[in-house]
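work15.tsv follows (TSV, N, CA and C atoms):
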```tsv
chain	number	residue	atom	x	y	z
A	1	MET	N	-80.43	60.41	29.59
A	1	MET	CA	-81.21	61.49	29.00
A	1	MET	C	-81.59	62.48	30.10
A	2	THR	N	-81.39	63.74	29.85
A	2	THR	CA	-81.67	64.75	30.86
A	2	THR	C	-83.10	65.25	30.73
A	3	PRO	N	-83.72	65.60	31.83
A	3	PRO	CA	-85.08	66.14	31.75
A	3	PRO	C	-85.09	67.49	31.05
A	4	GLN	N	-86.23	67.81	30.45
A	4	GLN	CA	-86.35	69.08	29.75
A	4	GLN	C	-86.42	70.22	30.77
A	5	SER	N	-85.80	71.33	30.43
A	5	SER	CA	-85.91	72.49	31.28
A	5	SER	C	-87.25	73.17	31.01
A	6	SER	N	-87.61	74.08	31.87
A	6	SER	CA	-88.90	74.77	31.68
A	6	SER	C	-88.90	75.59	30.40
A	7	THR	N	-87.72	76.08	29.98
A	7	THR	CA	-87.68	76.85	28.74
A	7	THR	C	-87.90	75.95	27.53
A	8	ASP	N	-87.47	74.68	27.59
A	8	ASP	CA	-87.72	73.74	26.51
A	8	ASP	C	-89.21	73.42	26.41
A	9	ARG	N	-89.87	73.39	27.54
A	9	ARG	CA	-91.28	73.03	27.54
A	9	ARG	C	-92.19	74.21	27.26
A	10	GLU	N	-91.67	75.41	27.36
A	10	GLU	CA	-92.48	76.59	27.12
A	10	GLU	C	-91.93	77.35	25.93
A	11	VAL	N	-92.40	77.01	24.75
A	11	VAL	CA	-91.97	77.66	23.52
A	11	VAL	C	-93.15	78.46	23.01
A	12	SER	N	-92.90	79.69	22.69
A	12	SER	CA	-93.94	80.59	22.17
A	12	SER	C	-95.12	80.69	23.13
A	13	GLY	N	-94.88	80.55	24.42
A	13	GLY	CA	-95.94	80.70	25.40
A	13	GLY	C	-96.87	79.51	25.52
A	14	VAL	N	-96.58	78.42	24.83
A	14	VAL	CA	-97.42	77.23	24.90
A	14	VAL	C	-96.66	76.18	25.67
A	15	THR	N	-97.14	75.84	26.85
A	15	THR	CA	-96.46	74.88	27.70
A	15	THR	C	-96.50	73.50	27.05
A	16	GLY	N	-95.36	72.81	27.04
A	16	GLY	CA	-95.29	71.46	26.55
A	16	GLY	C	-94.93	71.34	25.08
A	17	PHE	N	-94.84	72.42	24.36
A	17	PHE	CA	-94.48	72.36	22.94
A	17	PHE	C	-92.98	72.44	22.82
A	18	SER	N	-92.38	71.44	22.23
A	18	SER	CA	-90.95	71.45	21.99
A	18	SER	C	-90.64	72.32	20.78
A	19	VAL	N	-89.39	72.60	20.59
A	19	VAL	CA	-88.96	73.37	19.43
A	19	VAL	C	-89.35	72.62	18.15
A	20	LEU	N	-89.16	71.28	18.17
A	20	LEU	CA	-89.52	70.47	17.01
A	20	LEU	C	-91.01	70.57	16.71
A	21	ALA	N	-91.83	70.51	17.72
A	21	ALA	CA	-93.28	70.62	17.52
A	21	ALA	C	-93.66	72.00	16.99
A	22	THR	N	-92.98	73.03	17.44
A	22	THR	CA	-93.25	74.38	16.96
A	22	THR	C	-92.88	74.52	15.49
A	23	ILE	N	-91.72	73.97	15.12
A	23	ILE	CA	-91.30	74.00	13.71
A	23	ILE	C	-92.29	73.23	12.84
A	24	ALA	N	-92.72	72.07	13.33
A	24	ALA	CA	-93.68	71.27	12.57
A	24	ALA	C	-94.99	72.03	12.40
A	25	LEU	N	-95.43	72.72	13.44
A	25	LEU	CA	-96.67	73.49	13.35
A	25	LEU	C	-96.54	74.62	12.34
A	26	VAL	N	-95.42	75.30	12.34
A	26	VAL	CA	-95.20	76.38	11.37
A	26	VAL	C	-95.21	75.82	9.94
A	27	LEU	N	-94.55	74.68	9.74
A	27	LEU	CA	-94.55	74.06	8.41
A	27	LEU	C	-95.95	73.64	7.98
A	28	LEU	N	-96.74	73.13	8.91
A	28	LEU	CA	-98.12	72.75	8.58
A	28	LEU	C	-98.95	73.97	8.20
A	29	ILE	N	-98.73	75.07	8.88
A	29	ILE	CA	-99.45	76.30	8.55
A	29	ILE	C	-99.03	76.80	7.17
A	30	VAL	N	-97.72	76.79	6.89
A	30	VAL	CA	-97.24	77.21	5.57
A	30	VAL	C	-97.84	76.32	4.49
A	31	GLY	N	-97.80	75.02	4.71
A	31	GLY	CA	-98.37	74.09	3.73
A	31	GLY	C	-99.87	74.27	3.54
A	32	GLY	N	-100.57	74.48	4.64
A	32	GLY	CA	-102.01	74.69	4.56
A	32	GLY	C	-102.37	75.96	3.82
A	33	LEU	N	-101.64	77.02	4.10
A	33	LEU	CA	-101.89	78.28	3.39
A	33	LEU	C	-101.54	78.15	1.91
A	34	ASN	N	-100.47	77.43	1.60
A	34	ASN	CA	-100.11	77.22	0.20
A	34	ASN	C	-101.22	76.46	-0.52
A	35	TRP	N	-101.75	75.40	0.11
A	35	TRP	CA	-102.84	74.65	-0.52
A	35	TRP	C	-104.11	75.48	-0.65
A	36	ALA	N	-104.35	76.37	0.31
A	36	ALA	CA	-105.50	77.27	0.19
A	36	ALA	C	-105.34	78.18	-1.02
A	37	LEU	N	-104.13	78.69	-1.22
A	37	LEU	CA	-103.88	79.53	-2.39
A	37	LEU	C	-104.03	78.73	-3.69
A	38	VAL	N	-103.57	77.50	-3.68
A	38	VAL	CA	-103.72	76.65	-4.88
A	38	VAL	C	-105.21	76.42	-5.16
A	39	GLY	N	-105.96	76.10	-4.13
A	39	GLY	CA	-107.38	75.80	-4.32
A	39	GLY	C	-108.22	77.02	-4.68
A	40	LEU	N	-107.94	78.14	-4.05
A	40	LEU	CA	-108.76	79.33	-4.27
A	40	LEU	C	-108.33	80.14	-5.50
A	41	LEU	N	-107.03	80.25	-5.70
A	41	LEU	CA	-106.52	81.17	-6.73
A	41	LEU	C	-105.68	80.48	-7.81
A	42	ASN	N	-105.54	79.16	-7.70
A	42	ASN	CA	-104.69	78.41	-8.63
A	42	ASN	C	-103.27	79.00	-8.65
A	43	PHE	N	-102.77	79.35	-7.45
A	43	PHE	CA	-101.46	79.97	-7.31
A	43	PHE	C	-100.64	79.20	-6.29
A	44	ASP	N	-99.52	78.62	-6.71
A	44	ASP	CA	-98.63	77.87	-5.83
A	44	ASP	C	-97.50	78.80	-5.39
A	45	LEU	N	-97.58	79.29	-4.16
A	45	LEU	CA	-96.60	80.25	-3.65
A	45	LEU	C	-95.21	79.65	-3.58
A	46	VAL	N	-95.11	78.39	-3.17
A	46	VAL	CA	-93.80	77.73	-3.08
A	46	VAL	C	-93.15	77.68	-4.46
A	47	ALA	N	-93.91	77.30	-5.47
A	47	ALA	CA	-93.38	77.24	-6.84
A	47	ALA	C	-93.03	78.64	-7.34
A	48	ALA	N	-93.82	79.63	-6.96
A	48	ALA	CA	-93.54	81.00	-7.39
A	48	ALA	C	-92.25	81.53	-6.76
A	49	LEU	N	-91.99	81.14	-5.51
A	49	LEU	CA	-90.79	81.61	-4.82
A	49	LEU	C	-89.53	80.86	-5.24
A	50	PHE	N	-89.65	79.55	-5.43
A	50	PHE	CA	-88.46	78.72	-5.63
A	50	PHE	C	-88.39	78.05	-6.99
A	51	GLY	N	-89.40	78.23	-7.81
A	51	GLY	CA	-89.42	77.60	-9.13
A	51	GLY	C	-90.25	76.32	-9.09
A	52	PRO	N	-91.01	76.09	-10.16
A	52	PRO	CA	-91.86	74.90	-10.19
A	52	PRO	C	-91.03	73.62	-10.16
A	53	MET	N	-91.24	72.83	-9.14
A	53	MET	CA	-90.58	71.55	-8.91
A	53	MET	C	-89.06	71.64	-8.94
A	54	SER	N	-88.53	72.79	-8.52
A	54	SER	CA	-87.09	72.93	-8.36
A	54	SER	C	-86.67	72.10	-7.14
A	55	ALA	N	-85.39	71.93	-6.97
A	55	ALA	CA	-84.90	71.16	-5.83
A	55	ALA	C	-85.35	71.79	-4.51
A	56	LEU	N	-85.31	73.12	-4.43
A	56	LEU	CA	-85.72	73.79	-3.20
A	56	LEU	C	-87.23	73.67	-2.96
A	57	SER	N	-88.02	73.75	-4.01
A	57	SER	CA	-89.47	73.55	-3.87
A	57	SER	C	-89.77	72.15	-3.36
A	58	ARG	N	-89.07	71.17	-3.91
A	58	ARG	CA	-89.28	69.79	-3.48
A	58	ARG	C	-88.89	69.60	-2.02
A	59	VAL	N	-87.83	70.27	-1.59
A	59	VAL	CA	-87.43	70.20	-0.18
A	59	VAL	C	-88.53	70.77	0.70
A	60	VAL	N	-89.10	71.90	0.30
A	60	VAL	CA	-90.19	72.51	1.09
A	60	VAL	C	-91.38	71.56	1.15
A	61	TYR	N	-91.76	70.98	0.02
A	61	TYR	CA	-92.89	70.04	-0.01
A	61	TYR	C	-92.63	68.83	0.88
A	62	VAL	N	-91.41	68.30	0.85
A	62	VAL	CA	-91.07	67.15	1.68
A	62	VAL	C	-91.10	67.52	3.16
A	63	LEU	N	-90.57	68.69	3.50
A	63	LEU	CA	-90.59	69.13	4.90
A	63	LEU	C	-92.02	69.31	5.42
A	64	VAL	N	-92.90	69.83	4.59
A	64	VAL	CA	-94.31	69.97	4.98
A	64	VAL	C	-94.93	68.58	5.19
A	65	GLY	N	-94.60	67.64	4.31
A	65	GLY	CA	-95.10	66.28	4.46
A	65	GLY	C	-94.59	65.61	5.72
A	66	VAL	N	-93.31	65.80	6.03
A	66	VAL	CA	-92.74	65.24	7.26
A	66	VAL	C	-93.40	65.88	8.47
A	67	ALA	N	-93.68	67.17	8.41
A	67	ALA	CA	-94.36	67.85	9.51
A	67	ALA	C	-95.77	67.28	9.69
A	68	ALA	N	-96.43	66.94	8.60
A	68	ALA	CA	-97.76	66.34	8.70
A	68	ALA	C	-97.69	64.96	9.37
A	69	LEU	N	-96.67	64.18	9.02
A	69	LEU	CA	-96.50	62.88	9.68
A	69	LEU	C	-96.21	63.05	11.16
A	70	PHE	N	-95.40	64.03	11.50
A	70	PHE	CA	-95.13	64.34	12.90
A	70	PHE	C	-96.43	64.72	13.61
A	71	GLY	N	-97.26	65.52	12.93
A	71	GLY	CA	-98.54	65.91	13.50
A	71	GLY	C	-99.45	64.72	13.75
A	72	LEU	N	-99.43	63.76	12.83
A	72	LEU	CA	-100.23	62.54	13.02
A	72	LEU	C	-99.78	61.75	14.24
A	73	VAL	N	-98.47	61.71	14.46
A	73	VAL	CA	-97.93	61.00	15.62
A	73	VAL	C	-98.27	61.75	16.90
A	74	MET	N	-98.23	63.07	16.86
A	74	MET	CA	-98.46	63.87	18.06
A	74	MET	C	-99.93	64.04	18.41
A	75	LEU	N	-100.81	63.88	17.44
A	75	LEU	CA	-102.24	64.12	17.67
A	75	LEU	C	-102.81	63.32	18.85
A	76	PRO	N	-102.58	62.02	18.93
A	76	PRO	CA	-103.12	61.29	20.09
A	76	PRO	C	-102.60	61.82	21.42
A	77	LYS	N	-101.33	62.24	21.45
A	77	LYS	CA	-100.77	62.78	22.69
A	77	LYS	C	-101.43	64.10	23.05
A	78	LEU	N	-101.71	64.93	22.06
A	78	LEU	CA	-102.38	66.20	22.32
A	78	LEU	C	-103.82	65.99	22.77
A	79	LEU	N	-104.48	64.99	22.22
A	79	LEU	CA	-105.87	64.72	22.59
A	79	LEU	C	-105.99	64.15	24.00
A	80	ARG	N	-104.94	63.52	24.50
A	80	ARG	CA	-104.96	62.94	25.86
A	80	ARG	C	-104.67	63.98	26.92
A	81	ARG	N	-104.24	65.17	26.54
A	81	ARG	CA	-103.91	66.20	27.53
A	81	ARG	C	-105.15	66.66	28.28
A	82	PRO	N	-104.95	66.99	29.57
A	82	PRO	CA	-106.10	67.50	30.36
A	82	PRO	C	-106.51	68.88	29.94
```
Could you show the structure in this file as structure tokens?
Amino acid sequence: MTPQSSTDREVSGVTGFSVLATIALVLLIVGGLNWALVGLLNFDLVAALFGPMSALSRVVYVLVGVAALFGLVMLPKLLRRP
């Protein structure tokens, strides 16, 4: 396994964030904003864009869930950082 280059460790100006972590963070933000819209306005943006419980909507929901699991795994590592 090769060590990460400095460009791999510096994504979006945040040192130590991999591309995978950045994608997971974006998905968590999308999911959080969607749930805020559901809670505040009873409006599901994902369903509005891709159809209620369509295959594509379900893929988006699953990806957000996987990103949340990734976040749970990464949280202890982030909390241990200096």
Could you find all residues in chain A that DSSP calls helix (DSSP H, G or I) from the backbone, and write them as a ChimeraX atom specification? /A:6-9,19-41,45-50,55-79
Coordinates-based distance that separates CA of Gly65 in chain A from atom C of Pro82 in chain A (Å, one decimal): 28.0 Å
Name the residues of chain A that come out as strand (DSSP E or B) in a backbone DSSP run; write them as a ChimeraX atom specification. /A:10-11,14-15
Quick one: pull the distance between CA of Ala67 in chain A and CA of Leu25 in chain A, Å, one decimal.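 Separation of CA of Ala67 in chain A and CA of Leu25 in chain A: 7.2 Å.
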Two-atom distance - atom C of Leu27 in chain A, CA of Phe43 in chain A (Å): 17.4 Å
Nearby residues (only C-alpha atoms) at most 12 Å from Val26 in chain A, same-chain spacing under 5 positions excluded, as a count of residues only: 12
Calculated over only C-alpha atoms, which of the candidates A:Leu72, A:Leu78, A:Leu41, A:Val59 has the smallest distance to Ala24 in chain A?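 Using only C-alpha atoms, Ala24 in chain A sits closest to A:Leu72.
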